[in-house]
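The structure file work_20.cif is reproduced below (mmCIF, C-alpha atoms).
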```
data_protein
#
loop_
_atom_site.label_atom_id
_atom_site.label_comp_id
_atom_site.auth_asym_id
_atom_site.auth_seq_id
_atom_site.Cartn_x
_atom_site.Cartn_y
_atom_site.Cartn_z
CA MET S 1 21.67 1.76 -21.67
CA ALA S 2 23.39 -1.13 -19.89
CA PRO S 3 21.30 -2.75 -17.12
CA TYR S 4 22.54 -2.75 -13.57
CA GLU S 5 21.76 -5.98 -11.74
CA SER S 6 20.98 -5.73 -8.05
CA ASP S 7 23.34 -8.45 -6.87
CA ASP S 8 26.22 -6.10 -7.71
CA MET S 9 25.01 -4.05 -4.76
CA THR S 10 25.33 -6.95 -2.27
CA THR S 11 28.23 -5.47 -0.32
CA ALA S 12 26.49 -2.12 0.07
CA ARG S 13 23.36 -3.79 1.36
CA GLU S 14 24.87 -6.22 3.85
CA ALA S 15 22.96 -6.04 7.13
CA ASP S 16 22.59 -7.86 10.42
CA GLU S 17 19.89 -10.48 11.03
CA PRO S 18 17.35 -8.10 12.65
CA ARG S 19 17.51 -5.85 9.60
CA ALA S 20 17.05 -8.86 7.35
CA ARG S 21 13.91 -9.81 9.29
CA ARG S 22 12.54 -6.30 8.89
CA ARG S 23 13.18 -6.46 5.15
CA ARG S 24 11.35 -9.79 4.92
CA ALA S 25 8.45 -8.40 6.92
CA ALA S 26 8.31 -5.45 4.52
CA ARG S 27 7.74 -7.94 1.69
CA TYR S 28 4.52 -8.96 3.46
CA VAL S 29 3.50 -5.44 4.43
CA VAL S 30 3.68 -4.04 0.89
CA PRO S 31 0.79 -6.10 -0.56
CA VAL S 32 -1.28 -5.59 2.58
CA THR S 33 -0.78 -1.84 2.25
CA VAL S 34 -1.78 -2.02 -1.38
CA MET S 35 -4.98 -3.92 -0.53
CA GLY S 36 -5.89 -1.65 2.37
CA VAL S 37 -5.42 1.74 0.81
CA ALA S 38 -3.83 1.81 0.12
CA ALA S 39 -2.45 2.19 0.20
CA ALA S 40 -3.37 2.16 -4.43
CA THR S 41 -4.03 2.93 -8.37
CA ILE S 42 -4.59 2.99 -13.43
CA GLY S 43 -3.42 0.96 -15.69
CA LEU S 44 -4.84 2.05 -18.96
CA VAL S 45 -1.62 0.35 -20.03
CA PRO S 46 0.29 -2.33 -18.10
CA ALA S 47 3.49 -0.30 -17.88
CA ILE S 48 4.71 3.29 -17.91
CA ALA S 49 3.66 4.89 -21.17
CA ASP S 50 6.45 6.55 -23.12
CA SER S 51 5.75 9.97 -24.58
CA GLY S 52 8.63 11.20 -26.63
CA ASP S 53 11.37 9.17 -24.90
CA PRO S 54 13.44 12.16 -23.70
CA ASP S 55 17.18 11.99 -24.30
CA LEU S 56 18.78 11.97 -20.83
CA PRO S 57 22.34 11.21 -19.60
CA GLU S 58 23.00 7.53 -18.91
CA ILE S 59 22.60 6.38 -15.32
CA THR S 60 22.99 3.05 -13.53
CA ALA S 61 20.31 1.50 -11.33
CA ALA S 62 22.46 2.07 -8.24
CA GLN S 63 22.83 5.76 -9.13
CA LEU S 64 19.10 6.08 -9.76
CA ILE S 65 18.20 4.46 -6.43
CA GLU S 66 20.63 6.84 -4.74
CA LYS S 67 18.96 9.73 -6.58
CA ILE S 68 15.59 8.67 -5.17
CA ALA S 69 17.05 8.38 -1.67
CA LYS S 70 18.57 11.87 -1.87
CA SER S 71 15.41 13.49 -3.23
CA ASP S 72 14.50 16.33 -0.88
CA VAL S 73 11.23 17.52 -2.39
CA GLU S 74 9.08 18.93 0.40
CA GLN S 75 6.79 21.29 -1.49
CA LEU S 76 4.47 20.11 -4.24
CA SER S 77 0.94 20.12 -5.54
CA GLY S 78 -0.73 18.17 -8.28
CA THR S 79 -3.21 15.57 -9.43
CA VAL S 80 -2.67 11.83 -8.99
CA LYS S 81 -4.55 9.09 -10.82
CA ILE S 82 -4.65 5.87 -8.88
CA THR S 83 -6.10 2.50 -9.90
CA THR S 84 -6.17 -0.89 -8.23
CA ASP S 85 -7.21 -4.05 -10.06
CA LEU S 86 -6.66 -6.96 -7.70
CA GLY S 87 -9.19 -9.16 -9.50
CA LEU S 88 -11.39 -9.57 -6.43
CA PRO S 89 -14.66 -11.47 -6.95
CA ASP S 90 -17.86 -9.47 -7.37
CA LEU S 91 -19.83 -9.99 -4.16
CA GLY S 92 -22.68 -7.68 -5.10
CA GLY S 93 -21.57 -4.95 -2.69
CA LEU S 94 -20.94 -7.33 0.22
CA GLU S 95 -17.24 -6.55 0.11
CA ASN S 96 -17.93 -2.86 0.78
CA SER S 97 -20.18 -3.74 3.72
CA LEU S 98 -17.51 -6.03 5.19
CA ALA S 99 -14.86 -3.32 4.80
CA SER S 100 -17.07 -0.72 6.47
CA GLY S 101 -17.79 -3.08 9.37
CA ALA S 102 -14.12 -3.90 9.82
CA MET S 103 -13.31 -0.21 10.05
CA GLY S 104 -15.96 0.50 12.67
CA GLN S 105 -18.66 2.04 10.47
CA GLY S 106 -22.26 0.99 10.62
CA GLU S 107 -25.19 1.13 12.96
CA ASP S 108 -23.24 1.72 16.16
CA GLY S 109 -21.33 4.69 14.89
CA GLY S 110 -18.24 5.55 13.03
CA SER S 111 -17.97 8.67 10.94
CA SER S 112 -17.98 8.67 7.15
CA ALA S 113 -15.13 11.19 7.51
CA ASP S 114 -12.91 8.72 9.39
CA PRO S 115 -9.87 8.30 7.09
CA SER S 116 -9.28 4.68 8.15
CA ALA S 117 -12.60 3.79 6.57
CA LYS S 118 -12.80 6.29 3.73
CA LEU S 119 -9.44 5.41 2.20
CA THR S 120 -10.44 1.74 1.84
CA GLU S 121 -12.26 2.91 -1.28
CA LEU S 122 -8.87 3.13 -2.98
CA ALA S 123 -8.54 -0.65 -2.78
CA SER S 124 -10.41 -1.05 -6.06
CA GLY S 125 -11.26 0.90 -9.18
CA THR S 126 -9.92 4.17 -10.53
CA HIS S 127 -9.76 7.35 -8.48
CA THR S 128 -8.45 10.88 -8.84
CA LEU S 129 -6.67 12.61 -5.97
CA ARG S 130 -5.55 16.19 -5.53
CA VAL S 131 -2.43 16.33 -3.37
CA ALA S 132 -0.43 19.11 -1.76
CA ALA S 133 2.49 19.19 0.65
CA ASP S 134 4.57 21.83 2.40
CA GLY S 135 7.14 20.04 4.53
CA PRO S 136 6.51 17.29 7.09
CA ASP S 137 3.81 19.22 8.97
CA ARG S 138 1.40 20.16 6.18
CA GLN S 139 -0.20 17.78 3.71
CA LYS S 140 -3.57 17.55 2.03
CA VAL S 141 -5.15 14.74 0.00
CA SER S 142 -8.56 15.16 -1.60
CA LEU S 143 -10.48 12.26 -3.11
CA LEU S 144 -12.66 13.57 -5.93
CA GLU S 145 -15.99 11.77 -6.27
CA ASN S 146 -18.92 12.17 -8.63
CA ALA S 147 -20.99 14.58 -6.57
CA ALA S 148 -18.83 15.08 -3.49
CA GLU S 149 -15.28 15.39 -2.23
CA TYR S 150 -13.42 13.87 0.68
CA SER S 151 -10.40 15.72 2.07
CA LEU S 152 -7.77 14.64 4.59
CA ILE S 153 -5.75 17.58 5.92
CA HIS S 154 -2.71 17.49 8.18
CA ASN S 155 -1.76 20.93 9.51
CA GLY S 156 0.65 20.97 12.45
CA LYS S 157 -0.69 18.76 15.21
CA ASP S 158 -4.20 18.60 13.75
CA VAL S 159 -5.59 16.04 11.32
CA TRP S 160 -8.97 16.78 9.73
CA GLY S 161 -11.12 14.55 7.55
CA TYR S 162 -14.12 16.08 5.79
CA ASP S 163 -16.80 14.30 3.75
CA SER S 164 -18.76 16.94 1.85
CA GLY S 165 -21.43 14.42 0.86
CA SER S 166 -22.51 13.72 4.45
CA ASN S 167 -21.20 16.98 5.93
CA GLU S 168 -19.30 14.98 8.55
CA VAL S 169 -15.93 15.92 10.04
CA TYR S 170 -13.27 13.77 11.71
CA HIS S 171 -10.67 15.41 13.97
CA GLY S 172 -7.53 13.85 15.40
CA THR S 173 -4.05 14.89 16.44
CA VAL S 174 -0.59 13.82 15.38
CA ASP S 175 2.03 12.54 17.82
CA ALA S 176 4.74 15.18 18.22
CA SER S 177 7.37 12.48 17.61
CA GLY S 178 6.03 11.96 14.10
CA GLU S 179 5.29 8.28 14.78
CA ASP S 180 1.67 8.67 13.71
CA ARG S 181 2.75 10.17 10.40
CA GLU S 182 4.63 6.98 9.60
CA GLN S 183 1.32 5.09 9.85
CA GLN S 184 -0.34 7.16 7.12
CA PRO S 185 -1.29 5.11 4.03
CA PRO S 186 0.57 5.78 0.77
CA ALA S 187 -1.04 8.27 -1.61
CA THR S 188 1.71 9.25 -4.07
CA PRO S 189 4.13 7.35 -6.35
CA LYS S 190 6.96 8.20 -3.95
CA ASP S 191 5.17 6.46 -1.06
CA PHE S 192 4.73 3.26 -3.08
CA ALA S 193 8.26 3.38 -4.50
CA GLU S 194 9.85 3.72 -1.06
CA GLU S 195 7.93 0.70 0.21
CA ALA S 196 8.91 -1.38 -2.83
CA LEU S 197 12.60 -0.45 -2.65
CA LYS S 198 12.76 -1.53 1.01
CA SER S 199 12.30 -5.06 -0.29
CA VAL S 200 15.19 -5.08 -2.79
CA ASP S 201 17.67 -7.87 -2.03
CA ASP S 202 19.72 -10.55 -3.78
CA THR S 203 16.56 -12.19 -5.14
CA THR S 204 15.84 -9.05 -7.17
CA SER S 205 16.87 -7.74 -10.59
CA VAL S 206 17.03 -3.94 -10.76
CA THR S 207 17.63 -2.21 -14.11
CA VAL S 208 17.21 1.12 -15.84
CA ASP S 209 14.93 0.66 -18.85
CA GLY S 210 15.11 3.87 -20.83
CA THR S 211 13.24 7.11 -20.26
CA ALA S 212 9.68 8.43 -20.26
CA GLN S 213 7.75 11.64 -19.86
CA VAL S 214 5.25 11.82 -16.99
CA ALA S 215 3.09 14.86 -16.21
CA GLY S 216 5.18 16.86 -18.67
CA ARG S 217 8.47 16.03 -16.94
CA ASP S 218 11.44 13.98 -18.16
CA ALA S 219 12.02 10.80 -16.19
CA TYR S 220 14.09 7.63 -16.03
CA LYS S 221 12.37 4.23 -15.80
CA LEU S 222 13.59 1.97 -12.98
CA VAL S 223 12.40 -1.64 -13.30
CA VAL S 224 12.38 -4.06 -10.35
CA LYS S 225 11.74 -7.77 -11.03
CA PRO S 226 11.86 -10.98 -8.99
CA ARG S 227 14.62 -13.41 -9.97
CA GLN S 228 12.72 -16.25 -8.30
CA SER S 229 9.90 -18.24 -9.85
CA GLY S 230 6.67 -18.58 -7.90
CA SER S 231 5.96 -14.89 -7.28
CA THR S 232 2.76 -13.24 -8.48
CA VAL S 233 4.72 -10.03 -9.05
CA GLY S 234 5.83 -9.64 -12.66
CA ALA S 235 7.58 -6.28 -12.48
CA ILE S 236 7.51 -2.94 -10.71
CA SER S 237 8.20 0.08 -12.89
CA ILE S 238 9.02 3.45 -11.31
CA ALA S 239 9.32 6.69 -13.30
CA VAL S 240 11.89 8.90 -11.55
CA ASP S 241 12.01 12.63 -12.21
CA HIS S 242 15.31 13.53 -13.90
CA LYS S 243 15.77 16.81 -12.01
CA THR S 244 14.45 16.14 -8.51
CA GLY S 245 14.80 12.35 -8.15
CA MET S 246 11.18 12.11 -7.04
CA PRO S 247 9.13 9.13 -8.27
CA LEU S 248 6.35 10.38 -10.57
CA LYS S 249 4.69 7.08 -11.43
CA PHE S 250 4.55 3.59 -9.91
CA THR S 251 3.21 0.57 -11.79
CA LEU S 252 3.02 -3.02 -10.57
CA THR S 253 2.19 -5.68 -13.16
CA PRO S 254 1.43 -9.30 -12.25
CA SER S 255 3.35 -12.32 -13.48
CA SER S 256 0.09 -13.62 -14.97
CA GLY S 257 0.04 -10.70 -17.42
CA GLY S 258 -2.73 -8.26 -18.30
CA ALA S 259 -3.43 -4.83 -16.90
CA ALA S 260 -1.52 -3.40 -13.97
CA VAL S 261 -2.56 -4.47 -10.47
CA VAL S 262 -1.48 -1.12 -9.03
CA ASP S 263 -0.80 2.05 -10.99
CA VAL S 264 -0.23 5.42 -9.31
CA GLY S 265 0.95 8.43 -11.27
CA PHE S 266 0.89 12.20 -11.42
CA THR S 267 -1.05 13.68 -14.31
CA LYS S 268 -0.13 17.20 -13.18
CA VAL S 269 2.61 18.25 -10.75
CA SER S 270 4.27 21.44 -9.54
CA PHE S 271 7.14 21.74 -7.11
CA ASP S 272 6.27 25.30 -6.08
CA ARG S 273 5.23 25.93 -2.48
CA PRO S 274 1.43 25.70 -2.11
CA ALA S 275 -0.41 28.64 -0.58
CA ALA S 276 -0.63 28.39 3.22
CA SER S 277 -4.42 28.62 2.97
CA THR S 278 -4.42 25.22 1.21
CA PHE S 279 -4.03 23.55 4.60
CA ASP S 280 -6.52 25.68 6.55
CA PHE S 281 -9.70 23.97 7.69
CA THR S 282 -12.67 25.04 9.79
CA PRO S 283 -15.65 22.69 10.20
CA PRO S 284 -18.56 24.00 8.09
CA LYS S 285 -21.68 25.25 9.85
CA GLY S 286 -23.95 22.39 10.85
CA ALA S 287 -21.29 19.70 10.27
CA GLU S 288 -21.18 16.74 12.65
CA VAL S 289 -17.71 16.65 14.20
CA THR S 290 -16.35 13.39 15.61
CA GLU S 291 -13.17 13.34 17.68
CA ASP S 292 -10.78 10.42 17.20
CA GLY S 293 -11.18 9.33 20.83
CA GLU S 294 -14.94 9.03 20.36
CA LEU S 295 -14.41 6.61 17.48
CA ASP S 296 -12.09 4.47 19.60
CA HIS S 297 -14.63 4.46 22.45
CA GLY S 298 -17.40 3.36 20.11
CA ARG S 299 -15.30 0.51 18.77
CA GLU S 300 -14.43 -0.71 22.24
CA HIS S 301 -18.09 -0.99 23.21
CA SER S 302 -19.41 -2.33 19.93
CA GLY S 303 -16.93 -5.17 19.61
CA LYS S 304 -15.52 -3.66 16.41
CA PRO S 305 -11.83 -3.42 15.64
CA GLY S 306 -9.93 -0.37 16.76
CA ASN S 307 -6.86 1.13 15.22
CA ALA S 308 -4.51 -1.08 13.24
CA PRO S 309 -1.40 -2.44 14.99
CA LYS S 310 1.49 0.00 14.89
CA SER S 311 4.38 -2.40 15.16
CA GLU S 312 5.52 -5.81 13.99
CA GLU S 313 5.24 -7.02 17.59
CA ASP S 314 1.62 -5.84 17.88
CA LEU S 315 0.81 -7.46 14.55
CA ALA S 316 2.36 -10.76 15.63
CA LYS S 317 0.33 -10.75 18.86
CA GLY S 318 -2.88 -10.01 16.98
CA LEU S 319 -2.27 -12.76 14.42
CA ASP S 320 -1.46 -15.59 16.82
CA GLY S 321 2.28 -15.95 16.31
CA LEU S 322 3.06 -14.37 12.95
CA LYS S 323 6.02 -16.11 11.25
CA MET S 324 7.78 -15.56 7.95
CA LEU S 325 8.69 -18.54 5.76
CA GLY S 326 10.97 -18.57 2.71
CA GLU S 327 12.99 -15.68 1.38
CA GLY S 328 12.84 -12.78 -1.03
CA TRP S 329 9.79 -12.49 -3.25
CA ASN S 330 8.67 -15.95 -2.16
CA THR S 331 8.34 -14.99 1.50
CA VAL S 332 5.07 -16.26 2.99
CA ALA S 333 3.52 -15.02 6.22
CA THR S 334 1.80 -17.62 8.39
CA PHE S 335 -0.29 -17.25 11.53
CA GLY S 336 -3.09 -19.01 13.37
CA THR S 337 -6.74 -18.00 13.41
CA GLY S 338 -7.60 -19.77 16.64
CA THR S 339 -10.22 -21.91 14.90
CA GLU S 340 -10.19 -25.46 13.62
CA GLY S 341 -12.34 -27.53 11.32
CA GLY S 342 -13.06 -24.91 8.68
CA LEU S 343 -12.93 -21.27 7.72
CA PRO S 344 -12.64 -18.61 10.45
CA THR S 345 -16.15 -17.17 10.08
CA GLY S 346 -16.48 -15.88 13.61
CA GLY S 347 -18.71 -18.76 14.66
CA ALA S 348 -21.32 -18.24 11.95
CA GLY S 349 -20.56 -21.52 10.17
CA GLY S 350 -23.22 -23.16 8.00
CA ASP S 351 -24.18 -21.21 4.90
CA LEU S 352 -21.44 -18.62 5.45
CA ASP S 353 -18.78 -21.33 5.58
CA GLY S 354 -20.15 -22.76 2.36
CA PHE S 355 -20.32 -19.34 0.70
CA LEU S 356 -16.74 -18.42 1.58
CA GLY S 357 -15.56 -21.89 0.59
CA SER S 358 -17.15 -21.46 -2.84
CA LEU S 359 -14.92 -18.45 -3.50
CA GLY S 360 -11.71 -20.45 -3.13
CA ASP S 361 -9.98 -23.51 -4.55
CA GLN S 362 -9.68 -26.67 -2.49
CA VAL S 363 -6.09 -27.94 -2.18
CA GLU S 364 -4.29 -30.67 -0.31
CA GLY S 365 -0.73 -31.56 0.59
CA GLU S 366 1.37 -32.95 3.39
CA PHE S 367 -0.18 -30.28 5.64
CA GLY S 368 -3.67 -31.71 5.07
CA THR S 369 -6.45 -29.89 3.20
CA GLY S 370 -7.36 -26.26 2.85
CA THR S 371 -8.83 -23.48 0.72
CA VAL S 372 -6.87 -20.98 -1.38
CA PHE S 373 -8.36 -17.53 -1.93
CA SER S 374 -6.75 -15.82 -4.91
CA THR S 375 -6.35 -12.31 -6.28
CA ARG S 376 -4.06 -11.16 -9.07
CA LEU S 377 -1.41 -10.25 -6.49
CA VAL S 378 -1.99 -11.65 -3.01
CA ASN S 379 -3.02 -15.26 -2.36
CA ALA S 380 -4.01 -16.84 0.96
CA LEU S 381 -4.33 -20.47 2.05
CA ILE S 382 -6.50 -21.35 5.06
CA THR S 383 -5.94 -24.89 6.28
CA GLU S 384 -8.43 -27.18 7.97
CA ASP S 385 -6.64 -26.70 11.30
CA GLY S 386 -7.06 -22.91 11.18
CA LYS S 387 -3.64 -21.78 9.94
CA VAL S 388 -3.25 -19.05 7.33
CA TYR S 389 -0.46 -18.75 4.75
CA VAL S 390 -0.44 -15.53 2.73
CA GLY S 391 1.94 -13.86 0.30
CA THR S 392 2.50 -12.50 -3.20
CA VAL S 393 3.10 -16.05 -4.40
CA THR S 394 1.27 -18.60 -6.53
CA LYS S 395 -1.10 -21.26 -5.22
CA ASP S 396 1.55 -23.96 -5.67
CA ALA S 397 4.06 -21.89 -3.69
CA LEU S 398 1.56 -21.54 -0.83
CA VAL S 399 1.05 -25.30 -0.72
CA LYS S 400 4.83 -25.83 -0.60
CA ALA S 401 5.13 -23.29 2.21
CA ALA S 402 2.35 -25.03 4.18
CA ASP S 403 4.05 -28.40 3.70
CA ALA S 404 7.35 -26.95 4.92
CA GLY S 405 5.73 -25.22 7.89
CA LYS S 406 3.54 -28.08 9.11
#
```
Before we go any further, please render this structure as structure tokens.
Amino acid sequence: MAPYESDDMTTAREADEPRARRRRAARYVVPVTVMGVAAATIGLVPAIADSGDPDLPEITAAQLIEKIAKSDVEQLSGTVKITTDLGLPDLGGLENSLASGAMGQGEDGGSSADPSAKLTELASGTHTLRVAADGPDRQKVSLLENAAEYSLIHNGKDVWGYDSGSNEVYHGTVDASGEDREQQPPATPKDFAEEALKSVDDTTSVTVDGTAQVAGRDAYKLVVKPRQSGSTVGAISIAVDHKTGMPLKFTLTPSSGGAAVVDVGFTKVSFDRPAASTFDFTPPKGAEVTEDGELDHGREHSGKPGNAPKSEEDLAKGLDGLKMLGEGWNTVATFGTGTEGGLPTGGAGGDLDGFLGSLGDQVEGEFGTGTVFSTRLVNALITEDGKVYVGTVTKDALVKAADAGK
């Protein structure tokens, strides 16, 4: 099957400068979403596994992308296996404590049923989710654990989170405009695929690489790769259902090789309408129910972070002048921490500075000196004057970006 290269789609993708800025910002948002979920995901193998290689009609990459865009699946149910392997250092459980604190959990409150905290568990390891959807107003995601289950249910204006292990309930409401729904973390291959395809531009190669069978369904394999050197992304492979155009599996492999960094795929899927009772929820007897407003109030008075920014403008304000450097897959986000003379440890300094410094590599350049913290996908450079450079790029690319942005 002849490959279709993305620069043949240049004319169709021409956009004004504001749209270009949004596309570049999306390049930064995708890895952050992956780390935070997000959303996130297994690679028993580093790419989509073929099973029978179904014989399907030939299709170009442009046609397959259009097929994804036109997919109108609104009803489904199934099981999703999701694995994330960012290669984070083992901190002996400290990383989980830091994540819980950042999300407002801990001594001063926060509910174990709060989805903003619970879904951070998807940032590492292998997890199984049961998912169901019936249009834009009814969705359910259940995280299956060893001896418990966590469910997040959206039914009309209500959003419920339930942790069966602690018997705690979170309750919130959805903005009638649907804006809040757009802030939900990704949980299915389609969510991840849509985010990745937002970033396709002239620096990208997009091809169709044969066929596969996923969850018993015939699918095409769409492969997205950077043309530029310096990116930590090796390839993104998306299995697209032949009949519906819905992505069934999403796999991101790093340029360094090895297992997938993110792998999200259906193991079972049905496109029949789920029973209405799937989305019903009543707090169990004796459950502790926390309203969303109570969580926000607790965060305000405990000094803990509240909800995440909902816009690029809010994000820029919170990160001391967020700027984007470079282009395409080599885009680097930079912002200030408001601190100088070392790592931004919130004033702790001393042993904590030394501990955090030991996790990174010391680098120097025209910008001065700094520390690079690395994962298999996202790398971050913190300079001695308190600036941060972060992106899905190599350590050398970060140093170049810092030199250019000094």
- Take the point (0.1, -9.4, -15.9) in the file's coordinates, draw a sphere of radius 12 Å around it, and report as an MDAnalysis selection string every protein, DNA or RNA residue with an atom inside or on it, counting all atoms listed in the file. chainID S and resid 43 45:47 85:87 231:236 251:262 375:377
- Query: Smallest atom-to-atom distance to S:Asp272: which of S:Pro115, S:Thr84, S:Asp134, S:Asp53, using all atoms listed in the file?
  - Reply: S:Asp134
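Coordinates place atom CA of S:Phe279 at a distance of 18.9 Å from atom CA of S:Ala148.
Counting from atom CA of S:Phe192, the distance to atom CA of S:Met324 is 22.0 Å.
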- Item | Contacts of S:Pro54 within 12 Å, all atoms listed in the file, excl. fewer than 4 positions in-chain, as a PyMOL selection string | chain S and resi 50+58+210-214+216-221+241-242
- Task: Could you check which of S:Ser237, S:Ser124, S:Thr290, S:Ser229 is closest to S:Val159, using only C-alpha atoms?
- Result: S:Thr290
- Selection result for the PyMOL selection byres ((chain S and resi 138) around 8) on this file, as a list in words: Ala133, Asp134, Gly135, Pro136, Asp137, Gln139, Lys140, Ile153, His154, Asn155, Gly156 and Phe279 of chain S
- Task: Have a look at atom CA of S:Gly326 and atom CA of S:Ala404 and let me know their distance in Å, one decimal.
- Result: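 So the two atoms, atom CA of S:Gly326 and atom CA of S:Ala404, lie 9.4 Å apart.
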- Explicit residues for the PyMOL selection byres ((chain S and resi 160-169) around 7) (as a list in words): Ser111, Ser112, Ala113, Asp114, Pro115, Ala148, Glu149, Tyr150, Ser151, Leu152, Ile153, His154, Asp158, Val159, Tyr170, His171, Gly172, Pro283, Ala287, Glu288, Val289 and Thr290 of chain S
Place N, CA, C and O atoms on stretch 143-154 of chain S and deliver the coordinates as a compact mmCIF listing (two decimals), in the frame of the given file.
```
# COMPACT_ATOMS: atom_id res chain seq x y z
N LEU S 143 -9.94 13.29 -2.24
CA LEU S 143 -10.48 12.26 -3.11
C LEU S 143 -11.70 12.83 -3.82
O LEU S 143 -12.70 13.20 -3.19
N LEU S 144 -11.59 12.96 -5.15
CA LEU S 144 -12.66 13.57 -5.93
C LEU S 144 -13.67 12.51 -6.34
O LEU S 144 -13.32 11.52 -6.98
N GLU S 145 -14.92 12.70 -5.95
CA GLU S 145 -15.99 11.77 -6.27
C GLU S 145 -16.98 12.42 -7.21
O GLU S 145 -16.85 13.60 -7.55
N ASN S 146 -17.99 11.67 -7.63
CA ASN S 146 -18.92 12.17 -8.63
C ASN S 146 -19.63 13.45 -8.19
O ASN S 146 -19.67 14.43 -8.92
N ALA S 147 -20.22 13.42 -7.01
CA ALA S 147 -20.99 14.58 -6.57
C ALA S 147 -20.51 15.11 -5.22
O ALA S 147 -21.20 15.89 -4.57
N ALA S 148 -19.34 14.67 -4.79
CA ALA S 148 -18.83 15.08 -3.49
C ALA S 148 -17.31 15.02 -3.49
O ALA S 148 -16.69 14.63 -4.48
N GLU S 149 -16.74 15.42 -2.38
CA GLU S 149 -15.28 15.39 -2.23
C GLU S 149 -14.93 15.03 -0.80
O GLU S 149 -15.60 15.48 0.14
N TYR S 150 -13.91 14.20 -0.65
CA TYR S 150 -13.42 13.87 0.68
C TYR S 150 -12.00 14.41 0.80
O TYR S 150 -11.15 14.16 -0.07
N SER S 151 -11.72 15.15 1.87
CA SER S 151 -10.40 15.72 2.07
C SER S 151 -9.82 15.28 3.41
O SER S 151 -10.52 15.23 4.42
N LEU S 152 -8.54 14.96 3.39
CA LEU S 152 -7.77 14.64 4.59
C LEU S 152 -6.66 15.66 4.69
O LEU S 152 -5.81 15.78 3.80
N ILE S 153 -6.69 16.46 5.76
CA ILE S 153 -5.75 17.58 5.92
C ILE S 153 -4.93 17.41 7.18
O ILE S 153 -5.48 17.19 8.27
N HIS S 154 -3.62 17.48 7.03
CA HIS S 154 -2.71 17.49 8.18
C HIS S 154 -2.07 18.86 8.24
O HIS S 154 -1.38 19.28 7.31
```
